[in-house]
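Undergrad: Below is the file protein12.cif, with mmCIF, C-alpha atoms and all ligand atoms.
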```cif
data_start
#
loop_
_atom_site.label_atom_id
_atom_site.label_comp_id
_atom_site.auth_asym_id
_atom_site.auth_seq_id
_atom_site.Cartn_x
_atom_site.Cartn_y
_atom_site.Cartn_z
CA MET A 1 -90.11 -48.51 -25.17
CA ILE A 2 -86.45 -47.98 -24.29
CA GLU A 3 -85.32 -45.47 -21.66
CA VAL A 4 -81.77 -44.14 -21.33
CA PHE A 5 -80.69 -42.85 -17.90
CA SER A 6 -77.74 -40.45 -18.12
CA VAL A 7 -76.42 -41.13 -14.62
CA GLY A 8 -72.86 -39.80 -15.03
CA GLY A 9 -70.27 -38.72 -17.61
CA TYR A 10 -72.55 -36.28 -19.43
CA GLU A 11 -71.06 -33.11 -17.98
CA ALA A 12 -67.31 -33.89 -18.04
CA VAL A 13 -64.86 -36.58 -19.08
CA GLY A 14 -65.01 -39.45 -16.55
CA ARG A 15 -67.45 -40.79 -13.93
CA ASN A 16 -69.17 -42.81 -16.64
CA CYS A 17 -72.53 -44.42 -15.96
CA THR A 18 -75.49 -44.95 -18.29
CA ALA A 19 -78.48 -47.22 -17.61
CA VAL A 20 -80.74 -48.62 -20.32
CA ALA A 21 -84.24 -49.87 -19.45
CA TYR A 22 -86.63 -51.98 -21.43
CA GLY A 23 -89.87 -52.30 -19.43
CA ASN A 24 -88.91 -53.44 -15.96
CA GLU A 25 -85.47 -54.74 -16.95
CA VAL A 26 -82.48 -52.41 -16.56
CA VAL A 27 -78.82 -52.77 -17.53
CA ILE A 28 -76.17 -50.45 -16.06
CA PHE A 29 -73.19 -49.65 -18.29
CA ASP A 30 -70.12 -48.57 -16.27
CA LEU A 31 -69.70 -47.22 -12.76
CA GLY A 32 -66.55 -45.13 -13.12
CA PHE A 33 -64.37 -42.67 -11.22
CA ASN A 34 -63.96 -39.00 -11.89
CA MET A 35 -60.18 -39.36 -12.30
CA GLU A 36 -59.50 -35.71 -11.53
CA ARG A 37 -60.84 -36.24 -8.02
CA VAL A 38 -58.83 -39.45 -7.66
CA VAL A 39 -55.64 -37.67 -8.73
CA ALA A 40 -56.45 -34.82 -6.32
CA LEU A 41 -56.43 -37.37 -3.51
CA GLY A 42 -52.90 -38.33 -4.64
CA ASP A 43 -53.88 -41.99 -4.58
CA GLU A 44 -52.18 -43.71 -7.50
CA GLU A 45 -53.36 -47.17 -6.52
CA ASN A 46 -56.87 -46.24 -5.30
CA VAL A 47 -56.35 -48.23 -2.16
CA ASN A 48 -57.58 -45.50 0.14
CA ILE A 49 -60.42 -44.50 -2.16
CA GLN A 50 -61.83 -48.01 -2.08
CA GLN A 51 -62.01 -47.69 1.70
CA MET A 52 -63.72 -44.29 1.79
CA PRO A 53 -67.48 -44.15 2.49
CA VAL A 54 -69.80 -43.83 -0.52
CA SER A 55 -71.40 -40.67 0.92
CA GLU A 56 -68.04 -38.89 1.03
CA LEU A 57 -67.07 -40.00 -2.49
CA ARG A 58 -70.46 -38.87 -3.82
CA GLN A 59 -70.11 -35.49 -2.14
CA MET A 60 -66.71 -35.04 -3.83
CA ASP A 61 -68.24 -35.96 -7.23
CA ALA A 62 -65.69 -38.77 -7.40
CA ILE A 63 -68.31 -41.44 -8.26
CA PRO A 64 -71.60 -41.39 -10.22
CA ASP A 65 -74.70 -40.31 -8.33
CA ASP A 66 -76.84 -43.40 -8.92
CA SER A 67 -79.61 -42.22 -6.59
CA MET A 68 -81.80 -41.63 -9.67
CA LEU A 69 -81.94 -45.43 -10.00
CA ARG A 70 -83.11 -45.93 -6.41
CA ASP A 71 -86.65 -46.92 -7.40
CA ARG A 72 -85.35 -49.23 -10.13
CA ARG A 73 -82.77 -51.12 -8.06
CA LYS A 74 -84.68 -54.39 -8.14
CA ASP A 75 -85.01 -54.13 -11.93
CA VAL A 76 -81.28 -54.09 -12.64
CA VAL A 77 -80.34 -57.39 -14.30
CA ALA A 78 -76.67 -56.71 -15.09
CA ILE A 79 -73.79 -54.26 -14.71
CA VAL A 80 -71.64 -54.20 -17.85
CA SER A 81 -68.30 -52.54 -18.63
CA ASN A 82 -66.75 -52.45 -22.10
CA HIS A 83 -63.18 -52.13 -20.76
CA GLY A 84 -61.14 -51.78 -17.60
CA HIS A 85 -60.19 -48.09 -17.35
CA LEU A 86 -60.88 -46.63 -13.92
CA ASP A 87 -63.21 -43.94 -15.25
CA HIS A 88 -65.46 -46.86 -16.27
CA ILE A 89 -64.95 -49.49 -13.52
CA GLY A 90 -63.44 -47.59 -10.56
CA ALA A 91 -66.72 -47.19 -8.64
CA ILE A 92 -67.96 -50.77 -9.21
CA PRO A 93 -66.64 -52.03 -5.86
CA LYS A 94 -68.35 -49.08 -4.12
CA LEU A 95 -71.76 -49.11 -5.88
CA ALA A 96 -72.43 -52.56 -7.36
CA GLY A 97 -73.60 -53.78 -3.95
CA ASN A 98 -76.78 -51.69 -4.45
CA TYR A 99 -77.82 -54.14 -7.16
CA ASN A 100 -78.44 -57.86 -6.89
CA CYS A 101 -77.06 -58.80 -10.30
CA PRO A 102 -73.91 -60.06 -12.02
CA ILE A 103 -71.11 -57.89 -13.41
CA VAL A 104 -70.40 -58.85 -17.02
CA ALA A 105 -67.15 -58.01 -18.83
CA THR A 106 -64.27 -59.45 -20.88
CA PRO A 107 -61.55 -61.50 -19.07
CA TYR A 108 -59.01 -58.68 -18.54
CA THR A 109 -61.72 -56.26 -17.35
CA ILE A 110 -63.08 -58.84 -14.90
CA GLU A 111 -59.54 -59.45 -13.54
CA LEU A 112 -59.12 -55.71 -12.97
CA ILE A 113 -62.52 -55.41 -11.23
CA ASP A 114 -61.67 -58.38 -9.03
CA ASN A 115 -58.28 -56.88 -8.23
CA LEU A 116 -59.81 -53.49 -7.38
CA SER A 117 -62.45 -55.05 -5.14
CA ARG A 118 -59.76 -56.69 -2.98
CA ASP A 119 -59.05 -53.27 -1.51
CA SER A 120 -62.69 -52.26 -1.06
CA LYS A 121 -64.80 -52.18 2.06
CA PRO A 122 -67.29 -53.83 2.14
CA ARG A 123 -66.16 -56.62 -0.19
CA LEU A 124 -67.86 -56.93 -3.57
CA LYS A 125 -70.47 -59.72 -3.51
CA ASN A 126 -71.83 -59.60 -7.07
CA GLN A 127 -71.10 -62.54 -9.36
CA LEU A 128 -68.31 -61.75 -11.86
CA LEU A 129 -69.29 -63.12 -15.26
CA VAL A 130 -66.65 -63.42 -18.00
CA MET A 131 -67.82 -62.97 -21.59
CA ASN A 132 -65.61 -62.94 -24.69
CA PRO A 133 -65.92 -60.73 -27.77
CA GLY A 134 -68.11 -62.41 -30.37
CA GLU A 135 -70.34 -63.99 -27.68
CA THR A 136 -73.99 -63.26 -26.89
CA ILE A 137 -75.79 -64.26 -23.68
CA ASP A 138 -79.38 -63.94 -22.45
CA ILE A 139 -79.28 -61.73 -19.38
CA SER A 140 -83.03 -61.59 -18.60
CA LYS A 141 -86.42 -62.60 -20.02
CA ASN A 142 -86.30 -60.01 -22.80
CA LEU A 143 -82.69 -58.91 -23.07
CA SER A 144 -79.56 -60.43 -24.54
CA LEU A 145 -76.08 -58.92 -24.48
CA GLU A 146 -73.49 -59.18 -27.25
CA PHE A 147 -69.82 -58.14 -27.16
CA VAL A 148 -68.17 -56.95 -30.39
CA HIS A 149 -64.36 -56.63 -30.44
CA THR A 150 -62.85 -53.18 -30.90
CA THR A 151 -59.54 -51.40 -30.23
CA HIS A 152 -58.76 -48.77 -27.54
CA SER A 153 -55.77 -48.35 -25.18
CA ILE A 154 -56.33 -51.33 -22.88
CA PRO A 155 -56.72 -55.00 -23.79
CA HIS A 156 -60.06 -56.75 -24.31
CA THR A 157 -62.12 -53.65 -25.18
CA VAL A 158 -65.55 -54.28 -26.73
CA PHE A 159 -68.68 -52.54 -27.91
CA SER A 160 -71.74 -53.81 -26.00
CA VAL A 161 -74.94 -54.46 -27.91
CA LEU A 162 -78.11 -54.87 -25.89
CA HIS A 163 -80.70 -56.69 -27.98
CA THR A 164 -84.25 -55.79 -26.90
CA PRO A 165 -87.65 -56.58 -28.45
CA ASP A 166 -87.71 -52.89 -29.56
CA GLY A 167 -84.32 -53.08 -31.28
CA ALA A 168 -80.62 -53.03 -30.49
CA VAL A 169 -78.94 -50.45 -28.26
CA MET A 170 -75.18 -50.16 -28.69
CA TYR A 171 -72.93 -48.77 -25.96
CA ALA A 172 -69.66 -47.56 -27.56
CA ASN A 173 -67.62 -46.02 -24.73
CA ASP A 174 -64.54 -45.94 -25.35
CA TYR A 175 -62.92 -46.98 -28.65
CA LYS A 176 -60.60 -46.13 -31.51
CA LEU A 177 -60.60 -47.66 -34.99
CA ASP A 178 -57.06 -49.03 -35.27
CA ASN A 179 -56.39 -50.86 -38.52
CA PHE A 180 -52.78 -51.65 -37.62
CA PRO A 181 -52.85 -52.68 -33.95
CA GLN A 182 -49.56 -53.91 -32.45
CA LEU A 183 -51.20 -56.49 -30.19
CA GLY A 184 -54.48 -58.26 -31.00
CA GLU A 185 -56.88 -57.80 -33.90
CA LYS A 186 -58.39 -54.74 -35.59
CA PRO A 187 -62.07 -53.99 -34.79
CA ASP A 188 -64.65 -56.56 -35.93
CA TYR A 189 -65.82 -54.49 -38.93
CA LYS A 190 -67.70 -57.45 -40.42
CA ARG A 191 -70.00 -57.71 -37.41
CA LEU A 192 -70.34 -53.90 -37.12
CA ARG A 193 -71.53 -53.67 -40.76
CA GLN A 194 -73.88 -56.59 -40.22
CA LEU A 195 -75.34 -54.85 -37.15
CA GLY A 196 -75.83 -51.76 -39.32
CA ARG A 197 -77.82 -53.81 -41.81
CA GLU A 198 -79.84 -55.51 -39.05
CA GLY A 199 -80.54 -52.07 -37.54
CA ILE A 200 -79.18 -50.23 -34.50
CA HIS A 201 -82.05 -48.52 -32.73
CA ALA A 202 -79.89 -46.34 -30.51
CA LEU A 203 -76.15 -45.66 -30.28
CA ILE A 204 -74.69 -44.35 -27.01
CA ILE A 205 -71.25 -43.10 -27.94
CA GLU A 206 -68.14 -41.54 -26.40
CA THR A 207 -67.01 -38.06 -27.51
CA VAL A 208 -63.62 -37.58 -25.79
CA ARG A 209 -61.75 -36.58 -29.00
CA ILE A 210 -64.66 -35.64 -31.28
CA GLU A 211 -63.30 -32.09 -31.63
CA GLN A 212 -60.17 -33.34 -33.46
CA GLU A 213 -60.90 -33.14 -37.19
CA LYS A 214 -58.86 -36.15 -38.25
CA LYS A 215 -58.48 -39.88 -37.90
CA THR A 216 -56.74 -40.96 -34.70
CA PRO A 217 -53.36 -42.45 -35.70
CA SER A 218 -52.86 -46.17 -35.16
CA GLU A 219 -50.74 -47.76 -32.42
CA SER A 220 -48.31 -48.62 -35.23
CA VAL A 221 -47.62 -44.86 -35.46
CA ALA A 222 -46.84 -44.73 -31.73
CA ARG A 223 -44.46 -47.65 -32.27
CA ALA A 224 -42.76 -45.77 -35.14
CA LEU A 225 -42.48 -42.64 -32.95
CA LEU A 226 -40.81 -44.70 -30.20
CA GLU A 227 -38.37 -46.20 -32.69
CA ASP A 228 -37.69 -42.78 -34.16
CA VAL A 229 -36.77 -41.38 -30.75
CA LEU A 230 -34.89 -44.40 -29.42
CA ILE A 231 -33.26 -46.29 -32.26
CA GLY A 232 -30.33 -45.03 -34.30
CA ARG A 233 -29.22 -42.44 -31.77
CA GLU A 234 -26.13 -42.87 -29.63
CA HIS A 235 -27.18 -43.65 -26.09
CA GLU A 236 -25.01 -44.16 -23.10
CA SER A 237 -27.00 -42.32 -20.49
CA ALA A 238 -29.81 -43.60 -18.31
CA LEU A 239 -33.11 -44.02 -20.15
CA PHE A 240 -36.52 -43.85 -18.50
CA VAL A 241 -39.68 -44.42 -20.56
CA THR A 242 -43.10 -43.82 -19.01
CA THR A 243 -46.60 -44.65 -20.23
CA PHE A 244 -50.07 -45.61 -19.00
CA ALA A 245 -49.62 -48.83 -16.97
CA SER A 246 -52.86 -50.27 -18.40
CA HIS A 247 -51.76 -49.63 -22.01
CA ILE A 248 -50.40 -53.15 -22.48
CA GLU A 249 -50.04 -52.77 -26.24
CA ARG A 250 -47.72 -49.77 -25.71
CA VAL A 251 -45.86 -51.54 -22.90
CA ASN A 252 -45.27 -54.41 -25.33
CA SER A 253 -43.95 -52.03 -28.02
CA ILE A 254 -41.57 -50.43 -25.48
CA LEU A 255 -40.28 -53.87 -24.44
CA GLU A 256 -39.69 -54.72 -28.10
CA VAL A 257 -37.84 -51.45 -28.71
CA ALA A 258 -35.65 -52.25 -25.66
CA ARG A 259 -34.73 -55.52 -27.36
CA GLU A 260 -33.93 -53.71 -30.63
CA MET A 261 -31.70 -51.30 -28.68
CA GLY A 262 -29.94 -54.16 -26.91
CA ARG A 263 -30.97 -52.79 -23.52
CA LYS A 264 -32.31 -54.90 -20.66
CA PRO A 265 -35.90 -53.91 -19.80
CA VAL A 266 -36.73 -53.17 -16.17
CA MET A 267 -40.28 -52.26 -15.03
CA LEU A 268 -40.61 -49.97 -12.02
CA GLY A 269 -43.74 -49.03 -10.06
CA ARG A 270 -46.71 -50.74 -8.48
CA SER A 271 -49.35 -50.15 -11.15
CA MET A 272 -46.88 -51.09 -13.91
CA HIS A 273 -46.34 -54.36 -12.04
CA ARG A 274 -50.04 -55.00 -11.43
CA TYR A 275 -51.48 -54.32 -14.92
CA SER A 276 -48.65 -56.12 -16.74
CA THR A 277 -48.60 -59.26 -14.61
CA LEU A 278 -52.42 -59.61 -14.94
CA ALA A 279 -52.04 -59.29 -18.73
CA GLU A 280 -49.29 -61.89 -18.76
CA LYS A 281 -51.39 -64.25 -16.64
CA LEU A 282 -54.16 -64.10 -19.28
CA GLY A 283 -51.70 -64.64 -22.14
CA ILE A 284 -52.25 -61.15 -23.58
CA ILE A 285 -48.55 -60.29 -23.46
CA LYS A 286 -45.45 -62.46 -23.36
CA PHE A 287 -42.67 -60.95 -21.28
CA PRO A 288 -39.10 -61.23 -22.60
CA ASP A 289 -37.00 -63.65 -20.53
CA ASN A 290 -34.63 -60.92 -19.37
CA LEU A 291 -37.35 -58.60 -17.99
CA GLU A 292 -37.10 -57.62 -14.33
CA ILE A 293 -40.05 -56.06 -12.46
CA TYR A 294 -39.90 -54.10 -9.21
CA GLY A 295 -43.20 -52.82 -7.81
CA ARG A 296 -42.51 -51.41 -4.36
CA GLY A 297 -40.25 -48.52 -3.40
CA LYS A 298 -37.83 -50.67 -1.36
CA THR A 299 -37.19 -53.14 -4.16
CA ILE A 300 -36.80 -50.27 -6.65
CA SER A 301 -34.20 -48.67 -4.34
CA SER A 302 -32.15 -51.81 -3.97
CA PHE A 303 -32.19 -52.47 -7.72
CA LEU A 304 -31.12 -48.90 -8.54
CA GLU A 305 -28.35 -49.13 -5.93
CA LYS A 306 -26.97 -52.15 -7.77
CA ALA A 307 -27.57 -50.76 -11.27
CA LYS A 308 -26.38 -47.17 -10.83
CA LYS A 309 -22.86 -47.75 -12.16
CA ASN A 310 -24.17 -49.33 -15.36
CA MET A 311 -27.31 -47.37 -16.18
CA GLY A 312 -26.57 -47.43 -19.93
CA LYS A 313 -27.37 -51.17 -20.00
CA TYR A 314 -31.02 -50.74 -19.10
CA LEU A 315 -34.31 -49.35 -20.38
CA PHE A 316 -36.45 -48.43 -17.38
CA LEU A 317 -40.20 -48.55 -18.00
CA CYS A 318 -41.84 -46.72 -15.15
CA THR A 319 -44.93 -44.99 -13.75
CA GLY A 320 -45.23 -41.20 -13.57
CA HIS A 321 -46.31 -39.98 -17.03
CA GLN A 322 -48.74 -37.49 -15.44
CA GLY A 323 -46.27 -36.47 -12.72
CA GLU A 324 -48.35 -38.31 -10.10
CA PRO A 325 -46.84 -37.53 -6.67
CA GLY A 326 -46.30 -41.17 -5.56
CA SER A 327 -45.01 -42.44 -8.90
CA THR A 328 -41.54 -43.81 -9.59
CA LEU A 329 -40.51 -40.93 -11.84
CA THR A 330 -41.59 -38.23 -9.37
CA ARG A 331 -39.79 -40.01 -6.54
CA LEU A 332 -36.68 -40.32 -8.70
CA ALA A 333 -36.82 -36.59 -9.51
CA ASN A 334 -37.25 -35.86 -5.79
CA GLY A 335 -34.09 -37.81 -4.93
CA ASP A 336 -35.97 -40.50 -2.97
CA PHE A 337 -33.96 -43.30 -4.61
CA PRO A 338 -30.22 -44.04 -4.46
CA TYR A 339 -29.76 -43.02 -8.12
CA ILE A 340 -29.04 -39.30 -8.69
CA ILE A 341 -30.07 -38.01 -12.14
CA ASN A 342 -27.06 -37.18 -14.35
CA PRO A 343 -27.06 -34.40 -16.97
CA GLY A 344 -28.01 -35.98 -20.29
CA ASP A 345 -30.26 -38.70 -18.81
CA GLU A 346 -33.27 -39.24 -21.08
CA PHE A 347 -36.94 -39.24 -20.11
CA VAL A 348 -39.41 -40.37 -22.78
CA PHE A 349 -43.10 -39.65 -22.16
CA SER A 350 -45.11 -42.12 -24.25
CA SER A 351 -48.27 -40.36 -23.17
CA SER A 352 -50.04 -37.02 -23.39
CA VAL A 353 -50.84 -34.79 -20.44
CA ILE A 354 -54.50 -35.22 -19.46
CA PRO A 355 -55.79 -31.63 -19.74
CA SER A 356 -56.93 -30.99 -16.19
CA PRO A 357 -55.32 -28.34 -13.98
CA ILE A 358 -54.06 -30.87 -11.42
CA ASN A 359 -52.42 -33.10 -14.03
CA GLN A 360 -50.93 -30.12 -15.83
CA ASP A 361 -49.53 -28.79 -12.56
CA ASN A 362 -48.11 -32.19 -11.53
CA HIS A 363 -46.56 -32.68 -14.95
CA TYR A 364 -45.04 -29.20 -15.01
CA ARG A 365 -43.46 -29.74 -11.59
CA LEU A 366 -42.02 -33.09 -12.60
CA SER A 367 -40.54 -31.90 -15.89
CA SER A 368 -39.05 -28.81 -14.22
CA LYS A 369 -37.34 -31.00 -11.63
CA LEU A 370 -35.99 -33.33 -14.31
CA LYS A 371 -34.70 -30.43 -16.43
CA ASN A 372 -33.13 -28.69 -13.43
CA GLN A 373 -31.00 -31.79 -12.94
CA GLY A 374 -29.96 -31.84 -16.61
CA GLY A 375 -32.55 -34.36 -17.82
CA ARG A 376 -33.59 -34.40 -21.51
CA ILE A 377 -37.34 -34.69 -22.08
CA PHE A 378 -39.03 -36.30 -25.09
CA SER A 379 -42.75 -35.65 -24.76
CA ASP A 380 -45.83 -36.78 -26.73
CA VAL A 381 -44.30 -39.98 -28.09
CA HIS A 382 -47.88 -41.10 -28.25
CA THR A 383 -51.12 -41.63 -30.14
CA SER A 384 -54.53 -41.42 -28.50
CA GLY A 385 -56.82 -44.36 -27.67
CA HIS A 386 -59.95 -42.38 -28.54
CA ALA A 387 -61.70 -42.04 -31.88
CA SER A 388 -61.44 -38.63 -33.57
CA LYS A 389 -64.20 -37.04 -35.67
CA GLU A 390 -63.54 -38.96 -38.89
CA ASP A 391 -63.43 -42.30 -37.03
CA HIS A 392 -66.81 -41.40 -35.54
CA ARG A 393 -68.11 -40.64 -39.03
CA ASP A 394 -66.86 -44.05 -40.29
CA LEU A 395 -68.60 -45.79 -37.39
CA LEU A 396 -71.87 -43.92 -38.06
CA MET A 397 -71.69 -45.05 -41.70
CA MET A 398 -71.19 -48.66 -40.60
CA LEU A 399 -73.86 -48.72 -37.91
CA ARG A 400 -76.52 -46.35 -39.35
CA PRO A 401 -78.19 -45.84 -35.95
CA GLU A 402 -81.73 -44.42 -35.76
CA HIS A 403 -81.08 -42.55 -32.49
CA VAL A 404 -77.82 -41.15 -31.12
CA VAL A 405 -76.95 -40.34 -27.50
CA PRO A 406 -73.45 -38.78 -27.19
CA CYS A 407 -71.78 -39.37 -23.80
CA HIS A 408 -68.40 -39.14 -21.97
CA GLY A 409 -67.75 -35.42 -22.24
CA GLY A 410 -69.03 -31.96 -21.34
CA LEU A 411 -71.73 -30.21 -23.36
CA ARG A 412 -69.17 -28.87 -25.84
CA LYS A 413 -68.06 -32.37 -26.83
CA LEU A 414 -71.61 -33.76 -26.84
CA ALA A 415 -72.67 -30.84 -29.06
CA ALA A 416 -69.70 -31.45 -31.40
CA TYR A 417 -71.04 -34.98 -31.88
CA ALA A 418 -74.50 -33.55 -32.62
CA GLU A 419 -72.85 -31.31 -35.22
CA LEU A 420 -71.29 -34.38 -36.85
CA CYS A 421 -74.75 -35.98 -36.96
CA SER A 422 -76.16 -32.97 -38.79
CA GLU A 423 -73.20 -33.04 -41.23
CA MET A 424 -74.15 -36.66 -41.89
CA ASN A 425 -77.44 -35.45 -43.39
CA MET A 426 -75.37 -34.60 -46.50
CA LEU A 427 -74.33 -38.26 -46.56
CA ASN A 428 -77.64 -39.84 -45.74
CA GLU A 429 -77.36 -42.33 -48.59
CA TYR A 430 -74.86 -44.04 -46.22
CA THR A 431 -76.90 -43.81 -43.05
CA ASN A 432 -80.52 -44.21 -44.24
CA HIS A 433 -81.51 -41.67 -41.58
CA GLU A 434 -81.57 -37.93 -41.16
CA TYR A 435 -80.51 -36.60 -37.78
CA PHE A 436 -82.22 -33.76 -35.90
CA LEU A 437 -81.37 -32.42 -32.48
CA GLY A 438 -84.09 -33.25 -29.98
CA GLN A 439 -85.74 -35.70 -32.37
CA ASN A 440 -83.24 -38.50 -32.73
CA VAL A 441 -80.02 -36.85 -31.47
CA HIS A 442 -80.31 -36.49 -27.71
CA LEU A 443 -78.05 -34.17 -25.70
CA LEU A 444 -78.37 -34.99 -22.01
CA HIS A 445 -77.14 -33.63 -18.69
CA ASN A 446 -76.34 -35.96 -15.80
CA GLY A 447 -79.49 -37.26 -14.15
CA GLN A 448 -81.95 -37.22 -17.05
CA VAL A 449 -84.17 -39.96 -18.47
CA GLN A 450 -84.57 -40.04 -22.26
CA GLU A 451 -87.39 -42.10 -23.73
CA ILE A 452 -86.60 -43.60 -27.11
CA GLU A 453 -89.66 -44.67 -29.09
ZN ZN B 1 -61.10 -45.91 -21.81
#
```
Take the structure in the file and write it out as structure tokens.

TA:
Amino acid sequence: MIEVFSVGGYEAVGRNCTAVAYGNEVVIFDLGFNMERVVALGDEENVNIQQMPVSELRQMDAIPDDSMLRDRRKDVVAIVSNHGHLDHIGAIPKLAGNYNCPIVATPYTIELIDNLSRDSKPRLKNQLLVMNPGETIDISKNLSLEFVHTTHSIPHTVFSVLHTPDGAVMYANDYKLDNFPQLGEKPDYKRLRQLGREGIHALIIETVRIEQEKKTPSESVARALLEDVLIGREHESALFVTTFASHIERVNSILEVAREMGRKPVMLGRSMHRYSTLAEKLGIIKFPDNLEIYGRGKTISSFLEKAKKNMGKYLFLCTGHQGEPGSTLTRLANGDFPYIINPGDEFVFSSSVIPSPINQDNHYRLSSKLKNQGGRIFSDVHTSGHASKEDHRDLLMMLRPEHVVPCHGGLRKLAAYAELCSEMNMLNEYTNHEYFLGQNVHLLHNGQVQEIE
């Protein structure tokens, strides 16, 4: 029998953690941050968070409450993360020490976990095990783990498949189905269809954008939006473009658009520096020869001092898309740097505002400050990294799972996924199964154990 432990991420977006047990062997998928709490601490780089005591972080709901696994600690054979976003890996340095097992992930994700753990106290002691998409390894007597390539908004994202003697359990948190990616391959549909034919016993699946009745547009659409905003218009003013630092595919598109515009790309901000240089080290991205990168405030100041008479020559790619207080863009708007914003300067947000009150407030403050100084704002030059409802339907038709456990959202999102499952009963020639709430569609709160026969 398989048991699913809904440790975290079943009542809101973030703080992901699900454990899957077969007999006395347990695998933990993700130990992530609640990003809202992290943002509230105003800690862009998480340095201070990694040094805070676990008890305090747990009290703030910033990390998953894994106390429900206390009696099973010795049974945990692996901690696995499908990708390197902080709401999936952020709490690994704080909590993995409770378990005497390796952490398994793709190369970029492992680099990010290693990087994060450098700031943590105590230091992370678990073995870091790199596994590539397309590979399968035995992780215990009865269990093997397979990684299947997919697309999202950070490099090296996979679906995890845990093969057990009672069938396969797939953990699909997060993903999008991008058929025209701008960096790397589209999802491994061949293997996904094959898994569907072999049989998926249970699918644990993200629901972040399930309420959108559409297909999430490809990264190629985001690229076209960037070109539409930036190419073919007369530009002489300063140009600042901001996006998620971990979204390397988007960063690459922005660097390419800078080349098309004939502007010299300059990256500003610590997380921009960190995520991009790790991606370059692994050969995921190739920087143009003329790129300059400045991570720390002092180096940013001295570059802007030099550049301020010729701002029209550059495209600045910087942190601050959510209006984070310590970010480059916020500091620029606050007048902390030697460059004073001129009327007509352009600010392109290749991002969407994460809908939480703190983010919305931060973003509102930042855009007001930019506008008050004459800045022009281009928002939503962006496509999401999360599957929408019709992508989820396509995946269900490929995988034909017997059981479904929606995760990574509040009850409304989890229930919207359950609704999709019941709609699928009209299409059951594609899925071979009918879905019924409470029978094979399981809606869980944090802290429950669901047995799957
Ligand atoms: Zn993600």

Undergrad: Distance limit 12 Å, reference ligand ZN 1 (chain B), atoms considered: only C-alpha atoms and all ligand atoms. Which residues make the cut? Give them as a VMD selection string.

TA: chain A and resid 13 to 16 30 32 to 33 35 81 to 90 109 150 to 159 172 to 176 206 to 209 244 246 to 247 384 to 387 408

Undergrad: Using only C-alpha atoms, which of the listed residues (A:His163, A:Lys309, A:Lys369, A:Arg263) sits closest to Asn334 (chain A)?

TA: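 Closest candidate: A:Lys369.
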
Undergrad: Could the centre and edge lengths of an axis-aligned box, enclosing all atoms of region 4-13 of chain A in the file with 8 Å extra on each side, be given in Å to one decimal as JSON?

TA:
```
{"center_x": -73.3, "center_y": -38.6, "center_z": -18.0, "size_x": 32.9, "size_y": 27.0, "size_z": 22.7}
```

Undergrad: Go through A:Gln450, A:Ser388, A:Tyr189, A:Val405 and flag the residue nearest Phe436 (chain A), using only C-alpha atoms for the distances.

TA: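 The closest residue to Phe436 (chain A) is A:Val405.
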
Undergrad: Mind pulling up the distance from CA of Glu25 (chain A) to CA of Ile137 (chain A)?

TA: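 Those two atoms sit 15.2 Å apart.
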
Undergrad: Work out how far CA of Leu414 (chain A) is from CA of Phe349 (chain A), in Å to one decimal.

TA: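 Pair CA of Phe349 (chain A) / CA of Leu414 (chain A) returns 29.5 Å.
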
Undergrad: Tell me which of A:Gly269, A:Pro325, A:Gly167, A:Gly297 sits closest to Gly199 (chain A), counting only C-alpha atoms.

TA: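 Closest residue, counting only C-alpha atoms: A:Gly167.
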
Undergrad: In terms of the shortest atom-to-atom distance over all atoms listed in the file, which of A:Val381, A:Val39, A:Val27, A:Leu315 is closest to Val80 (chain A)?

TA: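 Smallest distance to Val80 (chain A) is found for A:Val27.
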
Undergrad: Which residue is closest to Gln182 (chain A)? Choose from A:Ile293, A:Val20, A:Ile285, A:Leu69 and count all atoms listed in the file.

TA: A:Ile285

Undergrad: Set the distance at 9 Å and use all atoms listed in the file: which residues neighbour Ile300 (chain A) once local chain neighbours fewer than 5 positions away are removed? I'd like the list as a compact mmCIF listing (two decimals) with C-alpha atoms, in the coordinates of the input.

TA:
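In the end it all went to around10.txt:
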```
# COMPACT_ATOMS: atom_id res chain seq x y z
CA LEU A 268 -40.61 -49.97 -12.02
CA GLY A 269 -43.74 -49.03 -10.06
CA ILE A 293 -40.05 -56.06 -12.46
CA TYR A 294 -39.90 -54.10 -9.21
CA GLY A 295 -43.20 -52.82 -7.81
CA GLU A 305 -28.35 -49.13 -5.93
CA THR A 328 -41.54 -43.81 -9.59
CA PHE A 337 -33.96 -43.30 -4.61
```

Undergrad: Kindly provide, as JSON, numbers by chain, the polymer residues lying within 7 Å of (-61.0, -47.8, -36.1), counting all atoms listed in the file and using the coordinates exactly as they appear in the file.

TA: {"A": [176, 177, 178, 179, 187, 391]}

Undergrad: Can you work out the spacing between CA of Asp66 (chain A) and CA of Leu162 (chain A) in Å, to one decimal?

TA: 20.5 Å

Undergrad: Could you give me, as an MDAnalysis selection string, the residues within 12 Å of Ile452 (chain A), counting only C-alpha atoms and dropping anything in the same chain fewer than 6 positions from it?

TA: chainID A and resid 1:5 20:22 166:169 201:204 402:405 438:442

Undergrad: Counting all atoms listed in the file, what is within 8 Å of Asn126 (chain A), bar same-chain residues fewer than 5 positions away, as a list in words?

TA: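 Those residues are Ala96, Gly97, Asn100, Cys101, Pro102 and Ile103 of chain A.
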
Undergrad: Within 9 Å of Asp188 (chain A), counting all atoms listed in the file, which residues qualify if same-chain residues fewer than 6 places away don't, as a list in words?

TA: Gly134, Val148, His149 and Thr150 of chain A

Undergrad: Counting all atoms listed in the file, write as a PyMOL selection string all protein and nucleic acid residues lying at most 12 Å from (-70.7, -58.1, -3.2) in the file's frame.

TA: chain A and resi 92-103+113-114+117-118+120-128
